[in-house]
$ cat protein-v9.cif   # mmCIF, C-alpha atoms and all ligand atoms
data_coords
#
loop_
_atom_site.label_atom_id
_atom_site.label_comp_id
_atom_site.auth_asym_id
_atom_site.auth_seq_id
_atom_site.Cartn_x
_atom_site.Cartn_y
_atom_site.Cartn_z
CA THR Q 296 -23.85 -4.84 4.75
CA PRO Q 297 -22.13 -2.65 7.32
CA THR Q 298 -23.53 0.66 8.54
CA LEU Q 299 -20.23 2.40 7.83
CA TYR Q 300 -17.58 1.71 5.19
CA HIS Q 301 -14.05 2.06 6.52
CA TYR Q 302 -10.92 2.77 4.45
CA ALA Q 303 -7.24 2.68 5.39
CA LEU Q 304 -4.93 5.03 3.50
CA PHE Q 305 -1.27 5.40 4.48
CA SER Q 306 0.45 8.24 2.68
CA ASP Q 307 3.00 11.02 2.91
CA ASN Q 308 1.67 12.75 -0.21
CA VAL Q 309 -1.10 15.30 0.39
CA LEU Q 310 -2.07 15.72 -3.25
CA ALA Q 311 -2.22 11.97 -3.86
CA ALA Q 312 -4.25 11.37 -0.70
CA SER Q 313 -6.66 14.16 -1.63
CA VAL Q 314 -7.34 12.48 -4.97
CA VAL Q 315 -7.97 9.08 -3.37
CA VAL Q 316 -10.39 10.55 -0.84
CA ASN Q 317 -12.13 12.90 -3.26
CA SER Q 318 -12.56 10.31 -6.00
CA THR Q 319 -14.01 7.81 -3.52
CA ILE Q 320 -16.48 10.36 -2.19
CA VAL Q 321 -17.49 11.87 -5.53
CA ASN Q 322 -18.42 8.38 -6.74
CA ALA Q 323 -20.06 7.12 -3.54
CA LYS Q 324 -23.84 6.77 -3.55
CA ASP Q 325 -24.06 7.81 0.10
CA PRO Q 326 -20.88 9.68 1.13
CA SER Q 327 -22.02 10.06 4.73
CA LYS Q 328 -21.44 6.33 5.30
CA HIS Q 329 -17.76 6.40 4.36
CA VAL Q 330 -14.94 6.82 6.88
CA PHE Q 331 -11.31 7.42 5.91
CA HIS Q 332 -8.55 6.46 8.29
CA LEU Q 333 -5.47 8.23 7.04
CA VAL Q 334 -2.04 7.71 8.57
CA THR Q 335 0.89 9.89 7.60
CA ASP Q 336 4.28 10.73 9.09
CA LYS Q 337 5.49 13.49 11.37
CA LEU Q 338 6.76 15.61 8.49
CA ASN Q 339 3.43 15.68 6.65
CA PHE Q 340 0.97 15.49 9.50
CA GLY Q 341 0.38 19.26 9.68
CA ALA Q 342 -0.11 19.71 5.95
CA MET Q 343 -2.34 16.64 5.65
CA ASN Q 344 -4.54 17.78 8.52
CA MET Q 345 -4.80 21.32 7.16
CA TRP Q 346 -5.73 20.11 3.70
CA PHE Q 347 -8.68 18.05 4.89
CA LEU Q 348 -9.77 20.67 7.40
CA SER Q 349 -9.94 23.32 4.70
CA ASN Q 350 -11.23 20.92 2.00
CA PRO Q 351 -13.52 18.58 3.92
CA PRO Q 352 -14.67 15.54 1.90
CA GLY Q 353 -18.36 16.40 1.83
CA LYS Q 354 -20.39 14.36 4.28
CA ALA Q 355 -17.75 11.67 4.62
CA THR Q 356 -15.58 11.42 7.72
CA ILE Q 357 -11.82 11.67 7.73
CA HIS Q 358 -9.43 10.99 10.55
CA VAL Q 359 -5.70 11.74 10.23
CA GLU Q 360 -3.04 10.16 12.46
CA ASN Q 361 0.73 10.39 12.73
CA VAL Q 362 2.58 7.05 12.52
CA ASP Q 363 5.38 8.39 14.71
CA GLU Q 364 2.93 8.51 17.59
CA PHE Q 365 2.15 4.79 17.52
CA ARG Q 366 4.17 3.82 20.59
CA TRP Q 367 3.41 0.12 20.07
CA LEU Q 368 5.14 0.23 16.68
CA ASN Q 369 8.70 0.03 17.96
CA SER Q 370 11.78 -2.05 17.29
CA SER Q 371 11.19 -4.45 20.15
CA TYR Q 372 7.85 -5.47 18.61
CA CYS Q 373 8.43 -5.01 14.92
CA PRO Q 374 11.21 -6.98 13.12
CA VAL Q 375 11.43 -4.69 10.12
CA LEU Q 376 12.20 -1.74 12.39
CA ARG Q 377 14.77 -3.77 14.29
CA GLN Q 378 16.40 -4.81 11.01
CA LEU Q 379 16.47 -1.26 9.71
CA GLU Q 380 18.06 -0.06 12.91
CA SER Q 381 20.75 -2.73 12.90
CA ALA Q 382 21.43 -2.17 9.18
CA ALA Q 383 21.84 1.54 9.83
CA MET Q 384 24.17 0.69 12.70
CA ARG Q 385 26.26 -1.68 10.59
CA GLU Q 386 26.55 0.88 7.86
CA TYR Q 387 27.64 3.49 10.34
CA TYR Q 388 30.52 1.37 11.63
CA PHE Q 389 31.40 0.12 8.18
CA LYS Q 390 31.62 3.62 6.77
CA ALA Q 391 33.82 4.82 9.62
CA GLU Q 392 36.58 2.48 8.42
CA HIS Q 393 36.06 2.19 4.68
CA PRO Q 394 34.93 5.02 2.47
CA THR Q 395 32.00 3.75 0.41
CA THR Q 396 32.94 3.01 -3.20
CA LEU Q 397 30.80 4.23 -6.03
CA SER Q 398 29.47 0.77 -6.89
CA SER Q 399 28.61 -0.31 -3.36
CA GLY Q 400 27.05 3.11 -2.92
CA ALA Q 401 24.84 2.52 -5.93
CA SER Q 402 23.72 -0.91 -4.79
CA ASN Q 403 23.00 0.41 -1.32
CA LEU Q 404 21.10 3.36 -2.63
CA LYS Q 405 18.02 1.26 -3.23
CA TYR Q 406 17.89 0.17 0.39
CA ARG Q 407 18.29 3.74 1.54
CA ASN Q 408 15.27 4.88 -0.47
CA PRO Q 409 12.95 6.33 2.18
CA LYS Q 410 10.06 4.50 0.53
CA TYR Q 411 11.51 1.19 1.72
CA LEU Q 412 12.45 2.57 5.07
CA SER Q 413 9.16 4.23 5.82
CA MET Q 414 7.01 2.47 8.35
CA LEU Q 415 4.00 3.82 6.49
CA ASN Q 416 4.65 1.08 3.95
CA HIS Q 417 4.79 -1.70 6.50
CA LEU Q 418 1.78 -0.48 8.43
CA ARG Q 419 -0.39 -2.66 6.16
CA PHE Q 420 0.78 -5.66 8.21
CA TYR Q 421 -0.64 -4.15 11.41
CA LEU Q 422 -4.22 -3.30 10.47
CA PRO Q 423 -5.89 -4.89 13.53
CA GLN Q 424 -3.40 -3.14 15.79
CA VAL Q 425 -4.18 0.22 14.19
CA TYR Q 426 -7.95 -0.43 14.07
CA PRO Q 427 -8.78 -2.83 16.90
CA LYS Q 428 -12.53 -2.21 16.74
CA LEU Q 429 -13.11 -2.77 13.02
CA GLU Q 430 -14.17 -6.05 11.42
CA LYS Q 431 -13.40 -5.19 7.81
CA ILE Q 432 -11.37 -2.47 6.16
CA LEU Q 433 -10.62 -1.57 2.55
CA PHE Q 434 -6.93 -0.82 2.13
CA LEU Q 435 -6.08 1.70 -0.60
CA ASP Q 436 -2.69 2.81 -1.96
CA ASP Q 437 -2.22 6.52 -2.59
CA ASP Q 438 -1.48 6.06 -6.31
CA ILE Q 439 -4.99 4.94 -7.18
CA VAL Q 440 -8.17 6.66 -8.34
CA VAL Q 441 -11.66 5.44 -7.48
CA GLN Q 442 -14.14 5.62 -10.34
CA LYS Q 443 -17.21 3.85 -8.94
CA ASP Q 444 -19.17 3.30 -5.75
CA LEU Q 445 -17.17 0.68 -3.84
CA THR Q 446 -19.76 -0.51 -1.34
CA GLY Q 447 -20.32 -3.71 -3.34
CA LEU Q 448 -16.90 -4.89 -2.13
CA TRP Q 449 -18.28 -5.31 1.38
CA ASP Q 450 -20.81 -7.79 -0.01
CA VAL Q 451 -18.18 -10.01 -1.65
CA ASP Q 452 -17.94 -13.32 0.21
CA LEU Q 453 -14.26 -13.87 1.01
CA HIS Q 454 -14.98 -17.54 1.87
CA GLY Q 455 -13.15 -17.35 5.18
CA LYS Q 456 -10.03 -15.85 3.59
CA VAL Q 457 -8.33 -12.80 5.05
CA ASN Q 458 -7.38 -10.79 1.96
CA GLY Q 459 -9.57 -9.97 -1.05
CA ALA Q 460 -7.33 -8.91 -3.96
CA VAL Q 461 -7.11 -9.06 -7.74
CA GLU Q 462 -4.72 -11.64 -9.13
CA THR Q 463 -1.93 -10.53 -11.45
CA CYS Q 464 -0.66 -13.70 -13.07
CA GLY Q 465 -2.86 -13.44 -16.20
CA GLU Q 466 -1.07 -12.14 -19.28
CA SER Q 467 2.29 -11.41 -17.73
CA PHE Q 468 3.81 -14.01 -15.49
CA HIS Q 469 3.52 -12.57 -12.02
CA ARG Q 470 3.97 -15.81 -10.17
CA PHE Q 471 5.64 -16.53 -6.85
CA ASP Q 472 9.03 -17.42 -8.38
CA LYS Q 473 9.30 -13.86 -9.67
CA TYR Q 474 9.25 -12.44 -6.15
CA LEU Q 475 10.73 -15.10 -3.89
CA ASN Q 476 14.04 -16.99 -3.79
CA PHE Q 477 13.12 -20.60 -4.53
CA SER Q 478 16.77 -21.65 -4.12
CA ASN Q 479 16.20 -21.08 -0.45
CA PRO Q 480 14.81 -24.14 1.36
CA HIS Q 481 12.50 -22.06 3.59
CA ILE Q 482 10.72 -20.85 0.45
CA ALA Q 483 10.99 -24.02 -1.62
CA ARG Q 484 9.52 -26.17 1.15
CA LYS Q 485 6.45 -24.02 1.77
CA PHE Q 486 5.33 -22.44 -1.49
CA ASP Q 487 4.39 -23.33 -5.03
CA PRO Q 488 6.63 -21.38 -7.44
CA ASN Q 489 3.70 -21.22 -9.88
CA ALA Q 490 1.23 -19.79 -7.37
CA CYS Q 491 -0.46 -16.71 -8.75
CA GLY Q 492 0.60 -13.30 -7.47
CA TRP Q 493 -1.92 -10.66 -6.47
CA ALA Q 494 -1.79 -6.92 -6.08
CA TYR Q 495 -1.69 -4.53 -3.20
CA GLY Q 496 -3.49 -1.27 -3.81
CA MET Q 497 -7.12 -2.16 -3.23
CA ASN Q 498 -7.53 -4.97 -0.74
CA MET Q 499 -10.46 -5.98 1.40
CA PHE Q 500 -9.18 -7.28 4.72
CA ASP Q 501 -11.31 -9.30 7.11
CA LEU Q 502 -9.82 -8.27 10.45
CA LYS Q 503 -11.69 -10.89 12.48
CA GLU Q 504 -10.14 -13.68 10.41
CA TRP Q 505 -6.81 -11.81 10.55
CA LYS Q 506 -6.78 -11.88 14.33
CA LYS Q 507 -8.02 -15.47 14.50
CA ARG Q 508 -5.15 -16.62 12.27
CA ASP Q 509 -2.53 -14.31 13.81
CA ILE Q 510 -1.53 -12.86 10.45
CA THR Q 511 0.80 -10.32 12.03
CA GLY Q 512 2.57 -13.16 13.86
CA ILE Q 513 3.06 -15.03 10.56
CA TYR Q 514 4.46 -11.86 9.01
CA HIS Q 515 6.84 -11.36 11.95
CA LYS Q 516 8.09 -14.94 11.68
CA TRP Q 517 8.98 -14.54 7.99
CA GLN Q 518 10.37 -11.05 8.36
CA ASN Q 519 12.72 -12.44 11.04
CA LEU Q 520 13.78 -15.27 8.72
CA ASN Q 521 14.61 -12.68 6.08
CA GLU Q 522 17.12 -10.81 8.24
CA GLU Q 523 19.88 -11.44 5.66
CA ARG Q 524 17.56 -10.70 2.73
CA LEU Q 525 17.95 -14.22 1.34
CA LEU Q 526 14.23 -14.93 0.91
CA TRP Q 527 13.28 -11.70 -0.83
CA LYS Q 528 14.91 -8.36 -1.43
CA LEU Q 529 12.64 -5.36 -1.19
CA GLY Q 530 9.17 -4.10 -0.73
CA THR Q 531 5.95 -5.28 0.86
CA LEU Q 532 4.57 -7.51 -1.89
CA PRO Q 533 6.93 -10.50 -1.34
CA PRO Q 534 6.22 -10.70 2.41
CA GLY Q 535 2.55 -10.11 1.58
CA LEU Q 536 2.47 -13.07 -0.82
CA ILE Q 537 4.05 -15.22 1.89
CA THR Q 538 1.88 -13.99 4.74
CA PHE Q 539 -1.43 -14.32 2.88
CA TYR Q 540 -0.53 -17.59 1.11
CA GLY Q 541 -3.70 -19.65 0.85
CA LEU Q 542 -5.56 -16.84 2.59
CA THR Q 543 -6.30 -14.64 -0.43
CA HIS Q 544 -9.61 -14.58 -2.23
CA PRO Q 545 -9.43 -13.44 -5.89
CA LEU Q 546 -11.63 -10.46 -6.73
CA ASP Q 547 -13.06 -9.80 -10.15
CA LYS Q 548 -10.44 -7.94 -12.19
CA SER Q 549 -12.72 -5.02 -12.99
CA TRP Q 550 -12.48 -3.91 -9.37
CA HIS Q 551 -8.83 -2.95 -9.74
CA VAL Q 552 -7.01 -2.28 -13.01
CA LEU Q 553 -3.24 -2.02 -12.69
CA GLY Q 554 -0.29 -0.69 -14.63
CA LEU Q 555 -1.11 2.96 -15.36
CA GLY Q 556 2.34 3.90 -14.04
CA TYR Q 557 4.29 1.77 -16.53
CA ASN Q 558 2.17 0.03 -19.15
CA PRO Q 559 1.41 2.24 -22.20
CA SER Q 560 -0.96 -0.25 -23.82
CA ILE Q 561 -3.78 -0.87 -21.37
CA ASP Q 562 -7.13 -1.24 -23.06
CA ARG Q 563 -9.09 2.00 -22.77
CA SER Q 564 -12.42 0.29 -22.06
CA GLU Q 565 -10.77 -1.79 -19.35
CA ILE Q 566 -9.63 1.44 -17.67
CA GLU Q 567 -12.99 3.11 -18.06
CA ASN Q 568 -14.90 0.13 -16.66
CA ALA Q 569 -12.63 -0.21 -13.65
CA ALA Q 570 -13.85 0.62 -10.16
CA VAL Q 571 -10.27 1.52 -9.21
CA VAL Q 572 -7.32 2.34 -11.47
CA HIS Q 573 -3.79 2.03 -10.13
CA TYR Q 574 -0.71 4.01 -11.25
CA ASN Q 575 1.75 1.41 -9.98
CA GLY Q 576 5.16 1.89 -11.59
CA ASN Q 577 7.38 4.94 -11.76
CA MET Q 578 5.22 7.18 -13.92
CA LYS Q 579 3.02 8.61 -11.21
CA PRO Q 580 0.28 10.96 -12.44
CA TRP Q 581 1.61 13.84 -10.30
CA LEU Q 582 5.07 13.63 -11.88
CA GLU Q 583 6.20 15.16 -15.13
CA LEU Q 584 7.06 11.75 -16.50
CA ALA Q 585 3.45 10.59 -16.17
CA MET Q 586 1.87 9.17 -19.30
CA THR Q 587 -0.34 11.95 -20.67
CA LYS Q 588 -2.96 9.52 -21.94
CA TYR Q 589 -3.65 8.31 -18.39
CA ARG Q 590 -3.24 11.54 -16.46
CA GLY Q 591 -6.80 12.80 -16.92
CA TYR Q 592 -8.34 9.92 -14.97
CA TRP Q 593 -6.41 11.22 -11.98
CA SER Q 594 -6.31 15.00 -12.49
CA LYS Q 595 -10.08 15.33 -12.84
CA TYR Q 596 -10.30 14.87 -9.07
CA ILE Q 597 -7.98 17.74 -8.23
CA LYS Q 598 -9.37 21.01 -6.99
CA TYR Q 599 -7.90 23.26 -9.66
CA ASN Q 600 -9.16 26.54 -8.32
CA HIS Q 601 -7.26 25.98 -5.10
CA PRO Q 602 -4.67 28.79 -4.71
CA TYR Q 603 -1.87 26.36 -3.81
CA LEU Q 604 -2.50 24.23 -6.85
CA ARG Q 605 -2.90 27.00 -9.43
CA GLN Q 606 0.89 27.37 -9.65
CA CYS Q 607 1.41 23.65 -10.25
CA LYS Q 608 1.91 22.61 -13.82
CA LEU Q 609 -0.68 19.84 -13.74
CA ASN Q 610 -2.35 19.74 -17.11
CA GLU Q 611 -6.01 19.01 -17.02
C1 LIG S 701 6.88 -1.28 22.28
O1 LIG S 701 5.75 -2.00 21.81
C2 LIG S 701 5.24 -2.95 22.72
C3 LIG S 701 4.15 -3.79 22.00
O2 LIG S 701 3.74 -3.28 20.80
C4 LIG S 701 4.71 -2.24 23.94
O3 LIG S 701 4.19 -3.18 24.88
C5 LIG S 701 5.84 -1.42 24.57
O4 LIG S 701 5.33 -0.66 25.64
C6 LIG S 701 6.48 -0.50 23.54
N1 LIG S 701 7.65 0.15 24.09
C7 LIG S 701 7.78 1.48 24.17
C8 LIG S 701 9.09 1.99 24.69
O5 LIG S 701 6.90 2.25 23.84
C1 LIG S 702 18.72 -17.66 -2.26
O1 LIG S 702 18.88 -18.52 -1.15
C2 LIG S 702 20.10 -19.26 -1.13
C3 LIG S 702 20.03 -20.22 0.05
O2 LIG S 702 19.86 -19.53 1.25
C4 LIG S 702 21.28 -18.30 -1.03
O3 LIG S 702 22.49 -19.01 -1.05
C5 LIG S 702 21.22 -17.32 -2.19
O4 LIG S 702 22.23 -16.35 -2.04
C6 LIG S 702 19.86 -16.63 -2.23
N1 LIG S 702 19.78 -15.80 -3.43
C7 LIG S 702 19.65 -14.50 -3.34
C8 LIG S 702 19.56 -13.78 -4.65
O5 LIG S 702 19.60 -13.90 -2.29
C1 LIG S 703 -13.12 16.70 -6.15
O1 LIG S 703 -13.31 16.36 -7.52
C2 LIG S 703 -14.19 17.18 -8.23
C3 LIG S 703 -14.35 16.66 -9.65
O2 LIG S 703 -14.83 15.38 -9.70
C4 LIG S 703 -13.66 18.60 -8.25
O3 LIG S 703 -14.57 19.45 -8.93
C5 LIG S 703 -13.42 19.09 -6.83
O4 LIG S 703 -12.83 20.38 -6.86
C6 LIG S 703 -12.57 18.13 -6.05
N1 LIG S 703 -12.52 18.55 -4.64
C7 LIG S 703 -11.44 18.49 -3.88
C8 LIG S 703 -11.60 19.00 -2.48
O5 LIG S 703 -10.38 18.06 -4.24
#
$ encode --input "protein-v9.cif" --output "structure tokens"
Amino acid sequence: TPTLYHYALFSDNVLAASVVVNSTIVNAKDPSKHVFHLVTDKLNFGAMNMWFLSNPPGKATIHVENVDEFRWLNSSYCPVLRQLESAAMREYYFKAEHPTTLSSGASNLKYRNPKYLSMLNHLRFYLPQVYPKLEKILFLDDDIVVQKDLTGLWDVDLHGKVNGAVETCGESFHRFDKYLNFSNPHIARKFDPNACGWAYGMNMFDLKEWKKRDITGIYHKWQNLNEERLLWKLGTLPPGLITFYGLTHPLDKSWHVLGLGYNPSIDRSEIENAAVVHYNGNMKPWLELAMTKYRGYWSKYIKYNHPYLRQCKLNE
């Protein structure tokens, strides 16, 4: 059992981050032992800092950093940045000669979504670089809510694996062939198409094992192979499945219940027993299209009497 419990949260959404931090602290048995390491971008750094300065999370500690100040995270080190830069360059020259048609515009739109371009998303592959002194860290997405004390996660034996995560291949078929191109020999040679997928959102990472196995190097190797996007298309889950293949320890499902952003038929008791609930999908609880039946699990951790929030139409 560690003396302090460290969390990594990478977000550009102040309201979402405030709910993650507040819900963790409200449900912690001893808040003073919890430390949040929040990284945001240049645009949101001021607001994020101000929020936690004026609404400090009780006795817990919070530290906010700006990803744009990580000098080591540059395109000579990081393949995804290099690829984004060269894609932007290609598009620039391409557009100069040919006006973009409607259809190619639509198919490109996805790749231009800032979510996929933001380094905040890829920062999860650099945890030991961001936190060189830590041995373990709990990674949290900003579209989750914590409902229980999480310290028990630090006692789970990961059996020498690097990533503790809940598996997702139960009812629905979230297996490797859903995320990766098995017509490609690089993929077909190395992976089992039936291997079970797992979820990002609440992951325990053993950073000592990570460094020992050079996880970031493995990620870089595969990200370089995917230059032409033939192995996978978008997002961080496919490269995560590849990088942590054989290095993921399954956690009990009650730690992390998924689907509150798209699945209208999750069992109520499953949600209420969960340590963490996750609004993965498009129907985020802070958006109008959120599912009303799930919104309360999130909105109960908002500070409603805050003057900035009183004008928001967030129904309790
Ligand atoms: C880019 O990152 C590398 C390693 O992460 C570092 O050694 C180098 O100094 C960085 N370059 C700049 C221009 O900051
Ligand atoms: C899958 O990989 C094969 C072999 O590299 C390639 O020809 C094909 O276009 C890829 N499929 C997709 C959807 O990228
Ligand atoms: C944290 O959540 C509690 C409800 O559980 C709420 O009363 C409080 O205002 C919230 N605090 C902040 C700073 O968001």
$ closest_residue --input "protein-v9.cif" --among "Q:Thr298, Q:Ser306, Q:Asn476, Q:Asn575" --to "Q:Asp437" --atoms "all atoms listed in the file"
Q:Ser306
$ atom_distance --input "protein-v9.cif" --atom1 "atom CA of Q:Leu584" --atom2 "atom CA of Q:Trp493"
26.1 Å
$ residues_near_point --input "protein-v9.cif" --point "(13.6, 2.7, 9.5)" --cutoff "7 Å" --atoms "only C-alpha atoms" --output "list of chain:residue names"
Q:Leu376, Q:Leu379, Q:Glu380, Q:Leu412, Q:Ser413, Q:Met414
$ residues_around --input "protein-v9.cif" --residues "stretch 562-570 of chain Q" --least-positions-apart "3" --cutoff "6 Å" --atoms "all atoms listed in the file" --output "list in words"
Val441, Gln442, Lys443, Ser549 and Trp550 of chain Q
$ atom_distance --input "protein-v9.cif" --atom1 "atom CA of Q:Tyr540" --atom2 "atom CA of Q:Gly492"
9.7 Å
$ closest_residue --input "protein-v9.cif" --among "Q:Leu433, Q:Ala460, Q:Val315, Q:Val309" --to "Q:Met343" --atoms "only C-alpha atoms"
Q:Val309
$ closest_atom_pairs --input "protein-v9.cif" --of "chain Q" --to "ligand LIG 703 (chain S)" --cutoff "12 Å" --atoms "all atoms listed in the file" --output "JSON lines"
{"residue": "Q:Val309", "atom": "CA", "partner": "S:LIG703", "partner_atom": "O5", "distance": 10.7}
{"residue": "Q:Leu310", "atom": "CA", "partner": "S:LIG703", "partner_atom": "O5", "distance": 8.7}
{"residue": "Q:Ala311", "atom": "CA", "partner": "S:LIG703", "partner_atom": "O5", "distance": 10.2}
{"residue": "Q:Ala312", "atom": "CA", "partner": "S:LIG703", "partner_atom": "O5", "distance": 9.7}
{"residue": "Q:Ser313", "atom": "CA", "partner": "S:LIG703", "partner_atom": "O5", "distance": 6.0}
{"residue": "Q:Val314", "atom": "CA", "partner": "S:LIG703", "partner_atom": "O5", "distance": 6.4}
{"residue": "Q:Val315", "atom": "CA", "partner": "S:LIG703", "partner_atom": "O5", "distance": 9.3}
{"residue": "Q:Val316", "atom": "CA", "partner": "S:LIG703", "partner_atom": "O5", "distance": 8.2}
{"residue": "Q:Asn317", "atom": "CA", "partner": "S:LIG703", "partner_atom": "C1", "distance": 4.9}
{"residue": "Q:Ser318", "atom": "CA", "partner": "S:LIG703", "partner_atom": "O1", "distance": 6.3}
{"residue": "Q:Thr319", "atom": "CA", "partner": "S:LIG703", "partner_atom": "C1", "distance": 9.3}
{"residue": "Q:Ile320", "atom": "CA", "partner": "S:LIG703", "partner_atom": "C1", "distance": 8.2}
{"residue": "Q:Val321", "atom": "CA", "partner": "S:LIG703", "partner_atom": "O2", "distance": 6.1}
{"residue": "Q:Asn322", "atom": "CA", "partner": "S:LIG703", "partner_atom": "O2", "distance": 8.4}
{"residue": "Q:Ala323", "atom": "CA", "partner": "S:LIG703", "partner_atom": "O2", "distance": 11.6}
{"residue": "Q:Trp346", "atom": "CA", "partner": "S:LIG703", "partner_atom": "C8", "distance": 8.6}
{"residue": "Q:Phe347", "atom": "CA", "partner": "S:LIG703", "partner_atom": "C8", "distance": 8.0}
{"residue": "Q:Leu348", "atom": "CA", "partner": "S:LIG703", "partner_atom": "C8", "distance": 10.2}
{"residue": "Q:Ser349", "atom": "CA", "partner": "S:LIG703", "partner_atom": "C8", "distance": 8.5}
{"residue": "Q:Asn350", "atom": "CA", "partner": "S:LIG703", "partner_atom": "C8", "distance": 4.9}
{"residue": "Q:Pro351", "atom": "CA", "partner": "S:LIG703", "partner_atom": "C8", "distance": 6.7}
{"residue": "Q:Pro352", "atom": "CA", "partner": "S:LIG703", "partner_atom": "C8", "distance": 6.4}
{"residue": "Q:Gly353", "atom": "CA", "partner": "S:LIG703", "partner_atom": "C8", "distance": 8.4}
{"residue": "Q:Ala355", "atom": "CA", "partner": "S:LIG703", "partner_atom": "C8", "distance": 11.9}
{"residue": "Q:Val440", "atom": "CA", "partner": "S:LIG703", "partner_atom": "O1", "distance": 11.0}
{"residue": "Q:Val441", "atom": "CA", "partner": "S:LIG703", "partner_atom": "O2", "distance": 10.7}
{"residue": "Q:Gln442", "atom": "CA", "partner": "S:LIG703", "partner_atom": "O2", "distance": 9.8}
{"residue": "Q:Lys443", "atom": "CA", "partner": "S:LIG703", "partner_atom": "O2", "distance": 11.8}
{"residue": "Q:Gly591", "atom": "CA", "partner": "S:LIG703", "partner_atom": "O2", "distance": 11.1}
{"residue": "Q:Tyr592", "atom": "CA", "partner": "S:LIG703", "partner_atom": "O2", "distance": 10.0}
{"residue": "Q:Trp593", "atom": "CA", "partner": "S:LIG703", "partner_atom": "O2", "distance": 9.7}
{"residue": "Q:Ser594", "atom": "CA", "partner": "S:LIG703", "partner_atom": "C3", "distance": 8.7}
{"residue": "Q:Lys595", "atom": "CA", "partner": "S:LIG703", "partner_atom": "C3", "distance": 5.5}
{"residue": "Q:Tyr596", "atom": "CA", "partner": "S:LIG703", "partner_atom": "O1", "distance": 3.7}
{"residue": "Q:Ile597", "atom": "CA", "partner": "S:LIG703", "partner_atom": "O5", "distance": 4.7}
{"residue": "Q:Lys598", "atom": "CA", "partner": "S:LIG703", "partner_atom": "O4", "distance": 3.5}
{"residue": "Q:Tyr599", "atom": "CA", "partner": "S:LIG703", "partner_atom": "O4", "distance": 6.4}
{"residue": "Q:Asn600", "atom": "CA", "partner": "S:LIG703", "partner_atom": "O4", "distance": 7.3}
{"residue": "Q:His601", "atom": "CA", "partner": "S:LIG703", "partner_atom": "O4", "distance": 8.1}
{"residue": "Q:Pro602", "atom": "CA", "partner": "S:LIG703", "partner_atom": "O4", "distance": 11.9}
{"residue": "Q:Tyr603", "atom": "CA", "partner": "S:LIG703", "partner_atom": "O5", "distance": 11.9}
{"residue": "Q:Leu604", "atom": "CA", "partner": "S:LIG703", "partner_atom": "O5", "distance": 10.3}
{"residue": "Q:Glu611", "atom": "CA", "partner": "S:LIG703", "partner_atom": "C3", "distance": 11.4}
$ write_last_selection --input "protein-v9.cif" --atoms "C-alpha atoms" --output "mmCIF file, in the coordinates of the input"
data_model
loop_
_atom_site.group_PDB
_atom_site.id
_atom_site.type_symbol
_atom_site.label_atom_id
_atom_site.label_comp_id
_atom_site.auth_asym_id
_atom_site.auth_seq_id
_atom_site.Cartn_x
_atom_site.Cartn_y
_atom_site.Cartn_z
ATOM 1 C CA VAL Q 309 -1.100 15.300 0.390
ATOM 2 C CA LEU Q 310 -2.070 15.720 -3.250
ATOM 3 C CA ALA Q 311 -2.220 11.970 -3.860
ATOM 4 C CA ALA Q 312 -4.250 11.370 -0.700
ATOM 5 C CA SER Q 313 -6.660 14.160 -1.630
ATOM 6 C CA VAL Q 314 -7.340 12.480 -4.970
ATOM 7 C CA VAL Q 315 -7.970 9.080 -3.370
ATOM 8 C CA VAL Q 316 -10.390 10.550 -0.840
ATOM 9 C CA ASN Q 317 -12.130 12.900 -3.260
ATOM 10 C CA SER Q 318 -12.560 10.310 -6.000
ATOM 11 C CA THR Q 319 -14.010 7.810 -3.520
ATOM 12 C CA ILE Q 320 -16.480 10.360 -2.190
ATOM 13 C CA VAL Q 321 -17.490 11.870 -5.530
ATOM 14 C CA ASN Q 322 -18.420 8.380 -6.740
ATOM 15 C CA ALA Q 323 -20.060 7.120 -3.540
ATOM 16 C CA TRP Q 346 -5.730 20.110 3.700
ATOM 17 C CA PHE Q 347 -8.680 18.050 4.890
ATOM 18 C CA LEU Q 348 -9.770 20.670 7.400
ATOM 19 C CA SER Q 349 -9.940 23.320 4.700
ATOM 20 C CA ASN Q 350 -11.230 20.920 2.000
ATOM 21 C CA PRO Q 351 -13.520 18.580 3.920
ATOM 22 C CA PRO Q 352 -14.670 15.540 1.900
ATOM 23 C CA GLY Q 353 -18.360 16.400 1.830
ATOM 24 C CA ALA Q 355 -17.750 11.670 4.620
ATOM 25 C CA VAL Q 440 -8.170 6.660 -8.340
ATOM 26 C CA VAL Q 441 -11.660 5.440 -7.480
ATOM 27 C CA GLN Q 442 -14.140 5.620 -10.340
ATOM 28 C CA LYS Q 443 -17.210 3.850 -8.940
ATOM 29 C CA GLY Q 591 -6.800 12.800 -16.920
ATOM 30 C CA TYR Q 592 -8.340 9.920 -14.970
ATOM 31 C CA TRP Q 593 -6.410 11.220 -11.980
ATOM 32 C CA SER Q 594 -6.310 15.000 -12.490
ATOM 33 C CA LYS Q 595 -10.080 15.330 -12.840
ATOM 34 C CA TYR Q 596 -10.300 14.870 -9.070
ATOM 35 C CA ILE Q 597 -7.980 17.740 -8.230
ATOM 36 C CA LYS Q 598 -9.370 21.010 -6.990
ATOM 37 C CA TYR Q 599 -7.900 23.260 -9.660
ATOM 38 C CA ASN Q 600 -9.160 26.540 -8.320
ATOM 39 C CA HIS Q 601 -7.260 25.980 -5.100
ATOM 40 C CA PRO Q 602 -4.670 28.790 -4.710
ATOM 41 C CA TYR Q 603 -1.870 26.360 -3.810
ATOM 42 C CA LEU Q 604 -2.500 24.230 -6.850
ATOM 43 C CA GLU Q 611 -6.010 19.010 -17.020
#
$ residues_near_ligand --input "protein-v9.cif" --ligand "ligand LIG 701 (chain S)" --cutoff "10 Å" --atoms "all atoms listed in the file" --output "list of chain:residue names"
Q:Glu364, Q:Phe365, Q:Arg366, Q:Trp367, Q:Leu368, Q:Asn369, Q:Ser370, Q:Ser371, Q:Tyr372, Q:Cys373, Q:Gln424
